Structures are given as C-alpha cells and as structure tokens.
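Shown next, in structure tokens, is the structure this report addresses.
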Amino acid sequence: MSNNKVLEGMKIPEHVAIIMDGNGRWAKKRMLPRNMGHVQGAKTVEQICEDADSVGIKYLTVYAFSTENWSRPEKEVNAIMKLLRNYLKDCIKRANTNNMKVRVIGERSRLSDDIREKIEELEEASKNNTGLNFTIALNYGSKDEITRAVKRIVRDCVDGITNVEDIDEKMISGYLDTAGIPDPDLLIRTSGEERLSNYLMWQLAYAEFYFTDVLWPDFDKDELIKAIEKYNGRDRRFGGVNEE
Ligand code: IPE
Ligand code: IPE
Ligand code: MG
C-alpha cells in the first residue's frame, strides 16, 4: 500500500506535468495490440489524478496526444480518438465526484466536432470545482501553441487592443493555452525517453525533470512518490546562488 506518510515534511510540487509515454511498448511486451496499451494508459490517468490530489498536488497536466501524433498509422489514431471519446464522457462524471476542474489545451480545430463538444461540456461542467486542476494536452504542440499566441498578439497590436511596448513575459504567458495556470515545478517522463517532444517548452523553462524507465501503464502512486522524493533532493536556484 502506498503511504502518504513518507511525504511528511516534504515539499510537494504545486504543478506536475507528465509525458505519458510507453503505452505501445507496454502492449508489445505482452504480445498485445498497441491499442491495449492506450486502454491501460487511460486507466492509469484516472488513478493518477486521484493519487496526485491525495498527495497535495494542485495542478496536474498530462500529454495525451501531440501535434506530431497524427503521423501514426490511421488505425492507431482512430483507436486513440475512440478511446478519447469514452474517456471524456467518463471524465465528466469523475470530475464532479472528485471535485476536479478539467481544462484541455492544444489546437481544437483538427479534432472532430463531437470530441470538441465533449471537451466544452467537460470544461463547463467542472469549472466551479475546487479540487485538482487537471489539464489534458490534446493535439498539443509547444511550437504550435507559441505560433498561435504570436498571431493573436500581432493581431491585437494591429487592432490597437495592445501595444508592442506592453509585450512582456507575463503577457506572452497570458496568450498561451495555459493562461492562468502556474508553470510546472516538476516534469515526469515515463518509458526511458529523455526529451520534451514539443511539450510545454515555454512553461517548463525552470521545471525539474524526472525521467523513469517505468512504462506509463505501470506508473502508480509509489512511482509518483519516488518522483516527489527526487524533486525534494534538487536544489532549485533559479539562476541565483544558495548559501552553503
Ligand atoms: C504514449 O505511448 C501515448 C501516446 C503518444 C498517444 P506511446 O504510444 O508513444 O508508446 P510507445 O512510445 O510506442 O511505447
Ligand atoms: C510524446 O510521446 C507525446 C505524448 C505522450 C502524447 P511520443 O511517443 O509521441 O514522443 P516521441 O515520438 O517518442 O518523441
Ligand atoms: Mg512514445
């Protein structure tokens, strides 16, 4: 049994971002079709939301589908989208049971109409919840997000809504999909890969990175606690110096 007691006295990161990787390899190891890895991975997401909340994490942001993932075989993309439909439907109920506020980041126009509607329904239904702030990155790519933000800023300058002189880091953050969400303190990537894959590049500027070989469907509360323990051993200097 996992025990929150081991975290007593530890600093809990306010915002944890996760690159949920390794679903395909998890399935392959079991001679199962890749999609079974995604099915199991979706179950892990549900559980980790409860675990994150129970250890005191306030914001959890997960990478569910990248702008690059469209390049996968059509069969796999369709299976992920089908899974997503069920997941979103289910998430509306769970969000209210668990007092979770859900938000989706990423470019929505490429998603099908019914998925977009479900996202809007989910955000609307959970907007007044006060527990975990759960953000799902869907058709998300950091470069795409920044490009869209730049376009909106330029448009607002041209329309006289804002001025070039007023552009600063805070303002740019406010134009990103993550507006209003504090930057992540800790990034976790599963499955042994050590790269960002176009995830939250602006927002992760000062996050601590934690990589584990555990495949996403096997990630659990004990693994989350391990990541938090490791985070506690890090010296976050933010460019300054810490007195010895
Ligand atoms: C992550 O698992 C899920 C998505 C990217 C949708 P993968 O599907 O990338 O699993 P591996 O990396 O092939 O094992
Ligand atoms: C990153 O995983 C995207 C998600 C977890 C949704 P990928 O498996 O797509 O990343 P690469 O291809 O290994 O960089
Ligand atoms: Mg992968």
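Chain labels A, B, ... are given in the sequence in which chains occur in the structure tokens; within each chain residues are numbered consecutively from 1, and ligands are likewise numbered from 1 in the order shown.
Secondary structure of segment 48-217 of chain A, strand (DSSP E) only (DSSP, backbone atoms): Tyr59, Leu60, Thr61, Val62, Tyr63, Ala64, Phe65, Ser66, Lys101, Val102, Arg103, Val104, Ile105, Asn133, Phe134, Thr135, Ile136, Ala137, Leu138, Asn139, Tyr140, Leu186, Leu187, Ile188, Arg189, Glu208, Phe209, Tyr210 and Phe211 of chain A.
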Ligand 1: which residues are within 6 Å, counting only C-alpha atoms and all ligand atoms? Reply as a PDB file with N, CA, C and O atoms, in the first residue's frame.
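That gives us pocket.pdb:
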```pdb
ATOM      1  N   MET A  20       3.216  11.101 -20.738  1.00  0.00           N
ATOM      2  CA  MET A  20       2.811   9.711 -20.503  1.00  0.00           C
ATOM      3  C   MET A  20       3.275   8.869 -21.691  1.00  0.00           C
ATOM      4  O   MET A  20       2.587   8.796 -22.703  1.00  0.00           O
ATOM      5  N   ASP A  21       4.418   8.255 -21.563  1.00  0.00           N
ATOM      6  CA  ASP A  21       4.989   7.542 -22.713  1.00  0.00           C
ATOM      7  C   ASP A  21       5.188   6.062 -22.394  1.00  0.00           C
ATOM      8  O   ASP A  21       5.428   5.695 -21.248  1.00  0.00           O
ATOM      9  N   GLY A  22       5.106   5.243 -23.419  1.00  0.00           N
ATOM     10  CA  GLY A  22       5.408   3.822 -23.270  1.00  0.00           C
ATOM     11  C   GLY A  22       4.207   2.892 -23.365  1.00  0.00           C
ATOM     12  O   GLY A  22       4.330   1.695 -23.103  1.00  0.00           O
ATOM     13  N   ASN A  23       3.064   3.416 -23.771  1.00  0.00           N
ATOM     14  CA  ASN A  23       1.869   2.559 -23.898  1.00  0.00           C
ATOM     15  C   ASN A  23       2.100   1.441 -24.905  1.00  0.00           C
ATOM     16  O   ASN A  23       1.733   0.285 -24.674  1.00  0.00           O
ATOM     17  N   GLY A  24       2.690   1.814 -26.046  1.00  0.00           N
ATOM     18  CA  GLY A  24       2.908   0.831 -27.121  1.00  0.00           C
ATOM     19  C   GLY A  24       3.849  -0.275 -26.671  1.00  0.00           C
ATOM     20  O   GLY A  24       3.590  -1.464 -26.899  1.00  0.00           O
ATOM     21  N   ARG A  25       4.936   0.113 -26.007  1.00  0.00           N
ATOM     22  CA  ARG A  25       5.912  -0.890 -25.554  1.00  0.00           C
ATOM     23  C   ARG A  25       5.326  -1.786 -24.462  1.00  0.00           C
ATOM     24  O   ARG A  25       5.623  -2.972 -24.384  1.00  0.00           O
ATOM     25  N   ALA A  64      -1.534  13.982 -23.731  1.00  0.00           N
ATOM     26  CA  ALA A  64      -2.331  12.843 -24.210  1.00  0.00           C
ATOM     27  C   ALA A  64      -2.155  12.582 -25.702  1.00  0.00           C
ATOM     28  O   ALA A  64      -2.172  11.440 -26.154  1.00  0.00           O
ATOM     29  N   PHE A  65      -2.004  13.666 -26.490  1.00  0.00           N
ATOM     30  CA  PHE A  65      -1.869  13.492 -27.948  1.00  0.00           C
ATOM     31  C   PHE A  65      -1.153  14.727 -28.498  1.00  0.00           C
ATOM     32  O   PHE A  65      -1.594  15.852 -28.273  1.00  0.00           O
TER      33      PHE A  65
END
```
Could you list the protein, DNA and RNA residues that have any atom within 12 Å of ligand 3, counting only C-alpha atoms and all ligand atoms, and write them as a VMD selection string?
chain A and resid 19 to 27 34 37 to 38 41 63 to 66 68 to 69 72 189 to 197 215 to 216
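Coordinates place atom CA of Leu186 of chain A at a distance of 11.0 Å from atom CA of Arg236 of chain A.
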DSSP on the backbone, then: every residue of segment 5-188 of chain A marked helix (DSSP H, G or I), written as a VMD selection string.
chain A and resid 5 to 7 23 to 29 34 to 55 69 to 71 74 to 97 113 to 126 142 to 158 164 to 166 169 to 175
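If you measure from each of A:Glu8, A:Arg234, A:Ile136, A:Asn35 to ligand 2 using only C-alpha atoms and all ligand atoms, the closest one turns out to be A:Ile136.
Distance annotation: of A:Asp235, A:Asp166, A:Glu229, A:Asp144, the residue with the minimal separation from Asn198 of chain A is A:Asp144; atom set is only C-alpha atoms.
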Excluding segment 101-117 of chain A and residues on its chain fewer than 5 positions from it, collect all residues at most 6 Å away from it, counting only C-alpha atoms, and give them as a ChimeraX atom specification.
/A:123,126-127,129,133-140,177
Could you name the residues that touch segment 83-99 of chain A at 6 Å or less, counting only C-alpha atoms, but leaving out those on the same chain fewer than 3 positions away, as a list in words?
Ile80, Leu122, Asn129 and Gly131 of chain A
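Straight-line separation from atom CA of Pro33 of chain A to atom CA of Pro217 of chain A: 14.0 Å.
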As a list in words, please: the residues near Leu200 of chain A (cut-off 10 Å, only C-alpha atoms, same-chain neighbours under 5 positions excluded).
Ala17, Thr61, Tyr63, Ala137, Tyr140, Gly141, Ser142, Lys143, Glu145, Ile146, Leu176, Asp177, Thr178, Asp183, Pro184, Leu187 and Ala205 of chain A
As an exercise, work out the distance from atom CA of Phe211 of chain A to atom CA of Ala227 of chain A in Å and give it to one decimal place.
8.5 Å
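With distances taken over only C-alpha atoms and all ligand atoms, A:Val77 is the one residue among A:Lys43, A:Val77, A:Ile225, A:Lys170 lying closest to ligand 2.
Taking only C-alpha atoms and all ligand atoms into account, ligand 2 lies nearest to A:Ile18 out of the set A:Val154, A:Ile18, A:Ile119, A:Ala52.
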